file input26.tsv (TSV, C-alpha atoms)
chain	number	residue	atom	x	y	z
A	87	MET	CA	124.62	74.44	101.50
A	88	GLY	CA	127.35	77.02	102.04
A	89	SER	CA	130.98	75.98	101.96
A	90	ASN	CA	130.92	76.19	105.79
A	91	GLY	CA	128.24	73.50	106.03
A	92	ARG	CA	125.41	75.90	106.95
A	93	ILE	CA	121.95	75.86	105.35
A	94	ARG	CA	121.51	79.03	103.28
A	95	VAL	CA	117.97	80.33	103.86
A	96	LEU	CA	116.46	83.13	101.79
A	97	GLU	CA	113.92	85.22	103.76
A	98	THR	CA	111.78	87.28	101.36
A	99	ILE	CA	109.24	90.00	102.14
A	100	ARG	CA	107.44	92.57	100.03
A	101	GLN	CA	108.78	95.79	101.55
A	102	GLY	CA	111.55	97.42	103.56
A	103	LYS	CA	109.25	99.53	105.77
A	104	ILE	CA	108.96	98.06	109.24
A	105	GLY	CA	105.56	96.60	110.14
A	106	GLY	CA	104.55	93.33	111.82
A	107	GLY	CA	105.88	90.99	109.11
A	108	GLU	CA	109.13	92.93	108.79
A	109	SER	CA	109.69	92.90	112.58
A	110	HIS	CA	109.13	89.14	112.45
A	111	VAL	CA	111.82	88.75	109.74
A	112	LEU	CA	114.29	90.91	111.71
A	113	ASP	CA	113.75	88.90	114.90
A	114	LEU	CA	113.92	85.58	113.05
A	115	VAL	CA	117.24	86.28	111.33
A	116	ALA	CA	118.69	87.76	114.53
A	117	SER	CA	117.89	84.64	116.54
A	118	LEU	CA	118.60	81.85	114.01
A	119	ASP	CA	121.50	79.62	115.07
A	120	ARG	CA	124.35	80.90	112.90
A	121	SER	CA	126.35	77.71	113.30
A	122	ALA	CA	123.57	75.89	111.38
A	123	PHE	CA	121.97	78.58	109.19
A	124	GLU	CA	123.05	81.44	106.95
A	125	PRO	CA	120.14	83.88	106.42
A	126	ILE	CA	119.95	86.17	103.37
A	127	VAL	CA	117.07	88.67	102.99
A	128	LEU	CA	115.36	89.82	99.80
A	129	SER	CA	112.85	92.69	99.87
A	130	PHE	CA	110.89	94.20	96.98
A	131	THR	CA	111.28	97.80	98.24
A	132	ASP	CA	114.02	99.62	100.13
A	133	GLY	CA	113.47	100.99	103.63
A	134	PRO	CA	114.53	101.01	107.30
A	135	MET	CA	114.43	97.20	107.52
A	136	ILE	CA	117.28	96.94	104.97
A	137	THR	CA	119.36	99.42	107.02
A	138	ALA	CA	118.63	97.45	110.22
A	139	LEU	CA	119.74	94.20	108.53
A	140	GLN	CA	122.96	95.81	107.29
A	141	GLN	CA	123.71	96.94	110.84
A	142	MET	CA	123.15	93.33	111.96
A	143	LYS	CA	125.58	92.22	109.23
A	144	VAL	CA	122.87	90.13	107.52
A	145	PRO	CA	123.13	90.26	103.69
A	146	ALA	CA	120.05	92.18	102.47
A	147	TYR	CA	119.06	92.89	98.86
A	148	VAL	CA	116.29	94.75	97.04
A	149	ILE	CA	114.67	93.85	93.69
A	150	ASP	CA	112.21	96.68	93.02
A	151	SER	CA	108.56	95.72	92.56
A	152	GLU	CA	105.30	97.17	93.90
A	153	LYS	CA	102.98	94.49	92.49
A	154	ALA	CA	101.89	90.92	93.17
A	155	PHE	CA	102.48	88.39	90.34
A	156	ASP	CA	104.99	90.85	88.80
A	157	ILE	CA	106.27	88.64	85.97
A	158	SER	CA	108.85	91.29	84.99
A	159	VAL	CA	110.97	90.47	88.09
A	160	TRP	CA	110.65	86.67	88.10
A	161	LYS	CA	113.80	86.05	86.03
A	162	LYS	CA	115.80	88.52	88.15
A	163	VAL	CA	114.66	86.70	91.28
A	164	LYS	CA	115.68	83.34	89.76
A	165	GLN	CA	119.16	84.63	88.84
A	166	PHE	CA	119.52	86.09	92.34
A	167	ILE	CA	118.54	82.82	94.09
A	168	LYS	CA	120.93	80.87	91.86
A	169	ALA	CA	123.82	83.29	92.45
A	170	GLN	CA	123.24	83.19	96.22
A	171	GLN	CA	123.25	79.33	96.23
A	172	ILE	CA	120.10	79.21	98.34
A	173	ASP	CA	119.00	75.91	99.94
A	174	VAL	CA	115.60	76.83	101.41
A	175	VAL	CA	113.30	79.73	100.45
A	176	HIS	CA	111.06	81.28	103.14
A	177	VAL	CA	108.48	83.77	101.85
A	178	HIS	CA	106.59	86.14	104.14
A	179	GLY	CA	103.23	87.35	102.88
A	180	THR	CA	101.31	86.94	99.63
A	181	ARG	CA	103.08	89.49	97.45
A	182	ALA	CA	106.56	88.13	98.19
A	183	ASN	CA	105.30	84.59	97.54
A	184	THR	CA	103.81	85.44	94.13
A	185	ASN	CA	107.11	86.98	92.99
A	186	VAL	CA	109.43	84.25	94.30
A	187	LEU	CA	107.46	81.00	93.89
A	188	TRP	CA	108.08	80.47	90.15
A	189	ALA	CA	111.85	81.03	90.53
A	190	ALA	CA	112.15	78.74	93.56
A	191	ARG	CA	110.09	75.97	91.96
A	192	SER	CA	111.99	76.14	88.67
A	193	LEU	CA	115.20	75.69	90.70
A	194	ARG	CA	113.54	72.81	92.63
A	195	LEU	CA	114.04	74.48	95.98
A	196	PRO	CA	111.75	73.88	98.97
A	197	VAL	CA	109.50	76.86	99.77
A	198	VAL	CA	108.11	77.78	103.20
A	199	TYR	CA	105.26	80.33	103.19
A	200	THR	CA	104.39	82.25	106.35
A	201	ILE	CA	100.92	83.75	106.14
A	202	HIS	CA	100.98	86.88	108.31
A	203	GLY	CA	97.23	87.30	107.78
A	204	TRP	CA	95.30	86.32	104.63
A	205	SER	CA	95.09	88.71	101.68
A	206	PHE	CA	91.33	87.95	101.45
A	207	HIS	CA	89.30	89.51	104.25
A	208	GLU	CA	86.00	91.19	105.08
A	209	GLY	CA	85.43	94.54	103.43
A	210	LEU	CA	86.68	93.41	100.01
A	211	HIS	CA	84.43	93.47	96.94
A	212	PRO	CA	83.07	89.87	96.55
A	213	MET	CA	84.79	89.43	93.16
A	214	ALA	CA	88.14	90.69	94.52
A	215	LYS	CA	87.75	88.35	97.50
A	216	ARG	CA	87.09	85.34	95.22
A	217	LEU	CA	90.15	86.17	93.12
A	218	ARG	CA	92.35	86.48	96.19
A	219	ILE	CA	91.08	83.17	97.61
A	220	ALA	CA	91.89	81.52	94.26
A	221	ALA	CA	95.40	83.05	94.28
A	222	GLU	CA	96.07	81.95	97.88
A	223	LYS	CA	94.73	78.45	97.18
A	224	PHE	CA	97.09	78.20	94.21
A	225	ILE	CA	100.24	79.43	96.02
A	226	THR	CA	99.62	77.50	99.26
A	227	GLY	CA	99.19	74.37	97.13
A	228	LYS	CA	102.57	74.91	95.45
A	229	THR	CA	104.69	75.41	98.61
A	230	GLN	CA	106.25	72.59	100.62
A	231	MET	CA	105.17	74.03	103.97
A	232	ASN	CA	102.70	76.73	105.00
A	233	ILE	CA	103.10	78.38	108.39
A	234	CYS	CA	100.07	80.08	109.96
A	235	VAL	CA	100.73	82.60	112.73
A	236	SER	CA	97.49	81.66	114.49
A	237	GLU	CA	95.11	78.70	114.71
A	238	SER	CA	92.37	81.06	113.57
A	239	ASN	CA	94.29	81.75	110.32
A	240	ARG	CA	94.72	78.00	109.79
A	241	GLN	CA	90.97	77.44	110.22
A	242	THR	CA	90.23	80.27	107.74
A	243	GLY	CA	92.53	78.58	105.21
A	244	LEU	CA	90.87	75.19	105.72
A	245	LYS	CA	87.43	76.71	105.27
A	246	ALA	CA	88.42	78.63	102.13
A	247	PHE	CA	90.42	75.89	100.34
A	248	ASN	CA	88.93	72.62	101.74
A	249	ARG	CA	92.43	71.08	101.86
A	250	PHE	CA	95.37	73.03	103.28
A	251	ARG	CA	98.75	71.69	104.51
A	252	SER	CA	100.02	73.86	107.35
A	253	VAL	CA	101.52	74.16	110.81
A	254	VAL	CA	100.86	76.89	113.38
A	255	VAL	CA	103.88	78.83	114.67
A	256	ARG	CA	102.75	81.88	116.62
A	257	ASN	CA	104.82	85.06	116.46
A	258	GLY	CA	107.36	85.63	119.20
A	259	ILE	CA	108.84	88.74	120.78
A	260	ASN	CA	112.46	89.63	121.45
A	261	LEU	CA	112.31	89.91	125.25
A	262	HIS	CA	115.71	91.62	125.46
A	263	LYS	CA	114.58	94.43	123.18
A	264	PHE	CA	111.11	94.71	124.74
A	265	ASP	CA	112.10	94.83	128.39
A	266	PRO	CA	110.39	97.34	130.73
A	267	ALA	CA	113.34	97.13	133.16
A	268	VAL	CA	115.80	98.58	130.60
A	269	PRO	CA	116.21	102.42	130.53
A	270	HIS	CA	114.49	104.08	127.54
A	271	ALA	CA	114.52	107.60	126.08
A	272	ASP	CA	111.92	109.87	127.73
A	273	LEU	CA	109.36	110.35	124.99
A	274	ARG	CA	106.88	111.98	127.39
A	275	GLN	CA	109.29	114.87	127.69
A	276	GLU	CA	109.94	114.89	123.92
A	277	TYR	CA	106.21	115.17	123.20
A	278	GLY	CA	105.47	117.53	126.11
A	279	ILE	CA	103.23	115.06	127.97
A	280	GLY	CA	102.55	115.87	131.63
A	281	LYS	CA	103.37	113.47	134.49
A	282	ASP	CA	99.71	113.07	135.46
A	283	GLU	CA	98.42	112.43	131.95
A	284	VAL	CA	97.24	108.93	131.01
A	285	VAL	CA	98.82	108.09	127.66
A	286	VAL	CA	96.90	105.90	125.24
A	287	CYS	CA	99.20	104.69	122.51
A	288	SER	CA	98.41	103.23	119.10
A	289	ILE	CA	101.32	102.04	116.92
A	290	ALA	CA	100.13	100.85	113.53
A	291	ARG	CA	100.06	101.63	109.83
A	292	MET	CA	97.11	103.92	109.25
A	293	THR	CA	95.15	101.59	106.98
A	294	LEU	CA	91.55	100.34	106.87
A	295	GLN	CA	92.57	97.17	108.74
A	296	LYS	CA	93.91	99.09	111.77
A	297	ASN	CA	90.87	101.42	111.98
A	298	PRO	CA	92.67	104.67	112.97
A	299	VAL	CA	89.60	106.87	112.37
A	300	GLY	CA	87.52	104.72	114.72
A	301	MET	CA	90.34	105.07	117.27
A	302	ILE	CA	90.09	108.91	117.04
A	303	ARG	CA	86.28	108.92	117.35
A	304	ALA	CA	86.31	106.63	120.40
A	305	PHE	CA	89.08	108.62	122.07
A	306	ALA	CA	87.23	111.92	121.44
A	307	ALA	CA	84.24	110.58	123.39
A	308	ALA	CA	86.45	109.15	126.18
A	309	VAL	CA	88.50	112.31	126.71
A	310	LYS	CA	85.30	114.26	127.47
A	311	GLU	CA	84.87	112.00	130.51
A	312	VAL	CA	88.58	111.75	131.38
A	313	PRO	CA	90.24	115.06	130.40
A	314	ASN	CA	93.75	114.04	131.56
A	315	MET	CA	94.15	111.53	128.68
A	316	ARG	CA	96.46	111.98	125.66
A	317	LEU	CA	96.47	109.84	122.51
A	318	LEU	CA	99.82	109.08	120.91
A	319	MET	CA	99.35	107.76	117.36
A	320	ILE	CA	102.53	106.42	115.79
A	321	GLY	CA	102.44	105.46	112.12
A	322	ASP	CA	101.79	106.63	108.58
A	323	GLY	CA	99.48	105.36	105.86
A	324	GLU	CA	96.69	106.23	103.45
A	325	LEU	CA	94.18	107.03	106.25
A	326	LYS	CA	96.46	109.41	108.17
A	327	GLU	CA	94.97	112.51	106.54
A	328	GLU	CA	91.44	111.39	107.43
A	329	ALA	CA	92.53	110.58	111.00
A	330	VAL	CA	94.04	114.07	111.40
A	331	SER	CA	90.99	115.83	109.90
A	332	THR	CA	88.68	113.78	112.18
A	333	ALA	CA	90.68	114.94	115.22
A	334	VAL	CA	90.31	118.54	113.95
A	335	GLN	CA	86.54	118.18	113.38
A	336	LEU	CA	86.03	116.70	116.85
A	337	GLY	CA	88.05	119.47	118.48
A	338	ILE	CA	90.65	117.21	120.12
A	339	VAL	CA	93.81	118.22	118.23
A	340	SER	CA	95.51	119.33	121.45
A	341	LYS	CA	94.85	115.86	122.92
A	342	VAL	CA	96.26	113.83	120.00
A	343	ILE	CA	99.91	113.53	118.99
A	344	PHE	CA	100.51	112.21	115.47
A	345	GLY	CA	104.06	110.92	115.78
A	346	GLY	CA	104.64	109.55	112.28
A	347	PHE	CA	106.68	106.41	111.67
A	348	ARG	CA	109.29	105.63	114.37
A	349	GLN	CA	111.63	102.71	114.89
A	350	ASP	CA	112.16	103.09	118.65
A	351	VAL	CA	108.98	101.15	119.49
A	352	PRO	CA	110.13	100.04	122.99
A	353	ALA	CA	110.66	103.72	123.96
A	354	VAL	CA	107.21	104.63	122.59
A	355	LEU	CA	105.58	101.83	124.60
A	356	HIS	CA	107.58	102.79	127.69
A	357	ALA	CA	105.93	106.25	127.54
A	358	ALA	CA	102.41	104.74	127.36
A	359	ASP	CA	99.95	103.59	130.02
A	360	ILE	CA	97.49	101.87	127.69
A	361	TYR	CA	98.12	100.31	124.25
A	362	CYS	CA	95.21	100.18	121.84
A	363	LEU	CA	94.72	98.25	118.59
A	364	PRO	CA	91.13	98.44	117.24
A	365	SER	CA	91.82	96.29	114.12
A	366	LEU	CA	89.10	94.89	111.89
A	367	TRP	CA	91.12	91.67	111.48
A	368	GLU	CA	94.56	90.35	112.49
A	369	GLY	CA	96.77	87.38	111.63
A	370	PHE	CA	98.55	87.37	114.98
A	371	PRO	CA	99.25	90.90	116.23
A	372	ILE	CA	102.94	91.52	116.90
A	373	GLY	CA	102.16	95.06	118.12
A	374	VAL	CA	99.91	93.69	120.87
A	375	LEU	CA	102.59	91.21	121.97
A	376	GLU	CA	105.24	93.96	122.03
A	377	ALA	CA	103.02	96.10	124.26
A	378	MET	CA	102.35	93.13	126.55
A	379	ALA	CA	106.09	92.39	126.73
A	380	MET	CA	106.60	96.00	127.88
A	381	GLY	CA	104.05	95.39	130.65
A	382	LYS	CA	101.28	97.56	129.19
A	383	ALA	CA	97.52	97.27	129.61
A	384	VAL	CA	96.17	96.35	126.17
A	385	ILE	CA	92.79	97.16	124.63
A	386	ALA	CA	92.25	95.25	121.39
A	387	THR	CA	89.39	94.01	119.23
A	388	ASP	CA	88.14	90.47	119.70
A	389	VAL	CA	89.18	89.31	116.20
A	390	ASP	CA	90.80	86.12	114.83
A	391	GLY	CA	94.49	86.06	115.87
A	392	THR	CA	94.18	88.69	118.62
A	393	ARG	CA	91.97	86.52	120.80
A	394	GLU	CA	94.76	83.89	120.79
A	395	ALA	CA	97.18	86.47	122.22
A	396	VAL	CA	94.93	88.22	124.75
A	397	ALA	CA	92.65	86.66	127.38
A	398	HIS	CA	89.89	89.15	128.21
A	399	ASP	CA	90.12	90.68	131.70
A	400	GLU	CA	93.27	88.63	132.35
A	401	SER	CA	96.12	89.76	130.11
A	402	GLY	CA	94.23	92.57	128.35
A	403	TRP	CA	90.79	93.92	127.48
A	404	LEU	CA	88.93	92.69	124.37
A	405	ILE	CA	86.12	94.63	122.70
A	406	PRO	CA	83.90	93.94	119.66
A	407	SER	CA	85.32	95.04	116.30
A	408	GLU	CA	84.02	98.25	114.63
A	409	ASN	CA	82.32	99.39	117.84
A	410	ASP	CA	83.36	102.94	118.78
A	411	GLU	CA	81.15	102.94	121.90
A	412	ALA	CA	82.74	99.77	123.30
A	413	LEU	CA	86.21	101.23	122.70
A	414	THR	CA	85.21	104.48	124.46
A	415	VAL	CA	83.91	102.53	127.47
A	416	ALA	CA	87.12	100.45	127.62
A	417	LEU	CA	89.34	103.55	127.41
A	418	ILE	CA	87.44	105.25	130.26
A	419	LYS	CA	87.51	102.07	132.36
A	420	LEU	CA	91.26	101.46	132.00
A	421	ALA	CA	92.17	105.14	132.36
A	422	THR	CA	90.23	105.52	135.63
A	423	ASP	CA	90.61	102.07	137.25
A	424	HIS	CA	94.26	102.03	138.30
A	425	ALA	CA	94.01	98.63	140.07
A	426	LEU	CA	92.58	96.95	136.95
A	427	ARG	CA	95.26	98.54	134.76
A	428	GLN	CA	98.01	97.31	137.07
A	429	ARG	CA	96.60	93.77	137.17
A	430	LEU	CA	96.45	93.57	133.36
A	431	GLN	CA	99.98	95.00	133.03
A	432	LEU	CA	101.52	92.41	135.35
A	433	ARG	CA	99.80	89.47	133.68
A	434	ALA	CA	100.60	90.72	130.16
A	435	ARG	CA	104.39	90.53	130.62
A	436	THR	CA	104.14	87.04	132.19
A	437	VAL	CA	102.03	85.68	129.33
A	438	VAL	CA	104.49	86.87	126.66
A	439	THR	CA	107.51	85.58	128.61
A	440	GLU	CA	105.93	82.15	129.05
A	441	HIS	CA	104.28	81.65	125.65
A	442	PHE	CA	105.46	84.09	123.00
A	443	SER	CA	109.24	84.43	123.10
A	444	VAL	CA	111.15	84.79	119.84
A	445	ALA	CA	113.47	81.95	120.90
A	446	SER	CA	110.70	79.31	120.90
A	447	MET	CA	109.27	80.69	117.62
A	448	THR	CA	112.69	80.47	115.92
A	449	GLU	CA	113.26	76.93	117.18
A	450	LYS	CA	110.02	75.75	115.54
A	451	ILE	CA	110.82	77.50	112.24
A	452	ALA	CA	114.40	76.13	112.23
A	453	ALA	CA	112.94	72.62	112.62
A	454	VAL	CA	110.86	73.22	109.45
A	455	TYR	CA	114.00	74.34	107.55
A	456	ARG	CA	115.92	71.24	108.64
A	457	GLN	CA	113.06	68.93	107.68
A	458	LEU	CA	112.69	70.45	104.21
A	459	TYR	CA	116.43	70.57	103.55
A	460	LYS	CA	116.74	66.83	104.25
A	461	HIS	CA	113.99	66.13	101.71
call {"tool": "encode", "arguments": {"input": "input26.tsv", "output": "structure tokens"}}
result
Amino acid sequence: MGSNGRIRVLETIRQGKIGGGESHVLDLVASLDRSAFEPIVLSFTDGPMITALQQMKVPAYVIDSEKAFDISVWKKVKQFIKAQQIDVVHVHGTRANTNVLWAARSLRLPVVYTIHGWSFHEGLHPMAKRLRIAAEKFITGKTQMNICVSESNRQTGLKAFNRFRSVVVRNGINLHKFDPAVPHADLRQEYGIGKDEVVVCSIARMTLQKNPVGMIRAFAAAVKEVPNMRLLMIGDGELKEEAVSTAVQLGIVSKVIFGGFRQDVPAVLHAADIYCLPSLWEGFPIGVLEAMAMGKAVIATDVDGTREAVAHDESGWLIPSENDEALTVALIKLATDHALRQRLQLRARTVVTEHFSVASMTEKIAAVYRQLYKH
């Protein structure tokens, strides 16, 4: 405990680029009660998250590593934890856990592990999947508390490991930051989008999980039926090149804006009419919640954590995963049915306000810290 009587909590995450897990860490440290807790953040790569933390006056450090189970950094991590006089260690994601667990255990510190989606998933080679299940079983067995961001994730863990100690704490959204009533920069003007155009927005890393190429294919079919649509794709990643070349092949380059990585997510969402996330799997999708908080009509795939955030035809529109045709139909439906879109938008904001605020999420996580610190 710090000299001021506060519990010193180390939040660790694998990278400094801002994605779902990193947004979660930023919101968590911003809303922790500073009279009781002193958060310190350790990342294994530099990036915009570190800058954001420095602006928030939260101590943030980087120990460079790009690998899981990177034994070369374990001693450095141990020295760092010791020097920082940490009381509780909270790891976010598999890679951070594998590079912090040995140090924390050798210092006899309690470890909390938040699983922001399992590292084993469909689409992996069976041998790779078995190895990842074995690794997750090992690390979840060595932590004092595992936090799942959805009930679906908890059930997956139970099925894979037989025994699995965990609690469910769903992700929450900062409702002050994601507030449709607050003025935002006019991105429609920045991107040259007309007043009458229906903007479909996808904000995600362009990886296999997020299915950006499927998004392009489905949009190409939809825009033939509804020519006043534009697709705004925000994000970078290994599939970006393929997404761009697919847009070129399908002759819809003028209809798609590839915006690259941006940090002003509320402004991006403010410019959109429909938010779309055609993921193959999700832990609990922060991007979907952010869009709902901004009062947007959401189209998302009916996969694990997402179906706990979105009720079909109530607070959003769910479609089967890996189904371009279903996504095309949903895009046409929401773009042309203004009354439906409005109904989904209104309900979306209410659902997030009532069930997924960052304040209630932080309260539950703080209770875990207190419990472990006493032990």
call {"tool": "atom_distance", "arguments": {"input": "input26.tsv", "atom1": "atom CA of A:Met292", "atom2": "atom CA of A:Pro364"}}
result
11.4 Å
call {"tool": "closest_atom_pairs", "arguments": {"input": "input26.tsv", "of": "stretch 220-286 of chain A", "to": "stretch 172-177 of chain A", "cutoff": "12 Å", "atoms": "only C-alpha atoms", "output": "JSON lines"}}
result
{"residue": "A:Ile225", "atom": "CA", "partner": "A:Val177", "partner_atom": "CA", "distance": 11.0}
{"residue": "A:Thr226", "atom": "CA", "partner": "A:Val177", "partner_atom": "CA", "distance": 11.2}
{"residue": "A:Thr229", "atom": "CA", "partner": "A:Val177", "partner_atom": "CA", "distance": 9.7}
{"residue": "A:Gln230", "atom": "CA", "partner": "A:Val175", "partner_atom": "CA", "distance": 10.0}
{"residue": "A:Met231", "atom": "CA", "partner": "A:His176", "partner_atom": "CA", "distance": 9.4}
{"residue": "A:Asn232", "atom": "CA", "partner": "A:Val177", "partner_atom": "CA", "distance": 9.6}
{"residue": "A:Ile233", "atom": "CA", "partner": "A:His176", "partner_atom": "CA", "distance": 10.0}
call {"tool": "write_last_selection", "arguments": {"input": "input26.tsv", "atoms": "C-alpha atoms", "output": "compact mmCIF listing (two decimals), in the coordinates of the input"}}
result
# COMPACT_ATOMS: atom_id res chain seq x y z
CA ILE A 225 100.24 79.43 96.02
CA THR A 226 99.62 77.50 99.26
CA THR A 229 104.69 75.41 98.61
CA GLN A 230 106.25 72.59 100.62
CA MET A 231 105.17 74.03 103.97
CA ASN A 232 102.70 76.73 105.00
CA ILE A 233 103.10 78.38 108.39
call {"tool": "closest_atom_pairs", "arguments": {"input": "input26.tsv", "of": "stretch 246-313 of chain A", "to": "stretch 404-423 of chain A", "cutoff": "7 Å", "atoms": "all atoms listed in the file", "output": "Markdown table"}}
result
| residue | atom | partner | partner_atom | distance |
| --- | --- | --- | --- | --- |
| A:Val284 | CA | A:Ala421 | CA | 6.5 |
| A:Gly300 | CA | A:Asp410 | CA | 6.1 |
| A:Arg303 | CA | A:Asp410 | CA | 6.8 |
| A:Ala304 | CA | A:Thr414 | CA | 4.7 |
| A:Phe305 | CA | A:Thr414 | CA | 6.2 |
| A:Ala307 | CA | A:Thr414 | CA | 6.3 |
| A:Ala308 | CA | A:Thr414 | CA | 5.1 |
| A:Val312 | CA | A:Ile418 | CA | 6.7 |
call {"tool": "closest_atom_pairs", "arguments": {"input": "input26.tsv", "of": "stretch 101-159 of chain A", "to": "stretch 375-396 of chain A", "cutoff": "12 Å", "atoms": "all atoms listed in the file", "output": "Markdown table"}}
result
| residue | atom | partner | partner_atom | distance |
| --- | --- | --- | --- | --- |
| A:Gly106 | CA | A:Glu376 | CA | 10.3 |
| A:Ser109 | CA | A:Glu376 | CA | 10.5 |
| A:His110 | CA | A:Glu376 | CA | 11.4 |
call {"tool": "closest_atom_pairs", "arguments": {"input": "input26.tsv", "of": "stretch 136-222 of chain A", "to": "stretch 235-243 of chain A", "cutoff": "7 Å", "atoms": "all atoms listed in the file", "output": "Markdown table"}}
result
| residue | atom | partner | partner_atom | distance |
| --- | --- | --- | --- | --- |
| A:Ile201 | CA | A:Val235 | CA | 6.7 |
| A:His202 | CA | A:Val235 | CA | 6.2 |
| A:Gly203 | CA | A:Asn239 | CA | 6.8 |
call {"tool": "atom_distance", "arguments": {"input": "input26.tsv", "atom1": "atom CA of A:Ile149", "atom2": "atom CA of A:Gln171"}}
result
17.1 Å
call {"tool": "atom_distance", "arguments": {"input": "input26.tsv", "atom1": "atom CA of A:Gly107", "atom2": "atom CA of A:Arg216"}}
result
24.0 Å
call {"tool": "closest_residue", "arguments": {"input": "input26.tsv", "among": "A:Val255, A:Ala290, A:Met301, A:Lys223", "to": "A:Gln349", "atoms": "all atoms listed in the file"}}
result
A:Ala290
call {"tool": "residues_around", "arguments": {"input": "input26.tsv", "residues": "A:Pro352", "least_positions_apart": "3", "cutoff": "12 Å", "atoms": "all atoms listed in the file", "output": "VMD selection string"}}
result
chain A and resid 259 to 273 287 289 348 to 349 355 to 358 373 375 to 382
call {"tool": "axis_aligned_box", "arguments": {"input": "input26.tsv", "around": "stretch 282-290 of chain A", "padding_each_side": "3 Å", "output": "lines of an AutoDock Vina configuration file"}}
result
center_x = 99.1
center_y = 107.0
center_z = 124.5
size_x = 10.4
size_y = 18.2
size_z = 27.9
call {"tool": "residues_around", "arguments": {"input": "input26.tsv", "residues": "stretch 316-318 of chain A", "least_positions_apart": "6", "cutoff": "7 Å", "atoms": "only C-alpha atoms", "output": "list in words"}}
result
Glu283, Val284, Val285, Val286, Cys287, Ser288, Lys341, Val342, Ile343, Phe344 and Gly345 of chain A
call {"tool": "residues_around", "arguments": {"input": "input26.tsv", "residues": "A:Ser205", "least_positions_apart": "4", "cutoff": "8 Å", "atoms": "all atoms listed in the file", "output": "MDAnalysis selection string"}}
result
chainID A and resid 180 218:219 222
call {"tool": "residues_near_point", "arguments": {"input": "input26.tsv", "point": "(118.8, 94.4, 107.5)", "cutoff": "12 Å", "atoms": "only C-alpha atoms", "output": "count of residues only"}}
result
37
call {"tool": "closest_residue", "arguments": {"input": "input26.tsv", "among": "A:Ile302, A:Ala445, A:Ser340, A:Glu311", "to": "A:Glu328", "atoms": "only C-alpha atoms"}}
result
A:Ile302
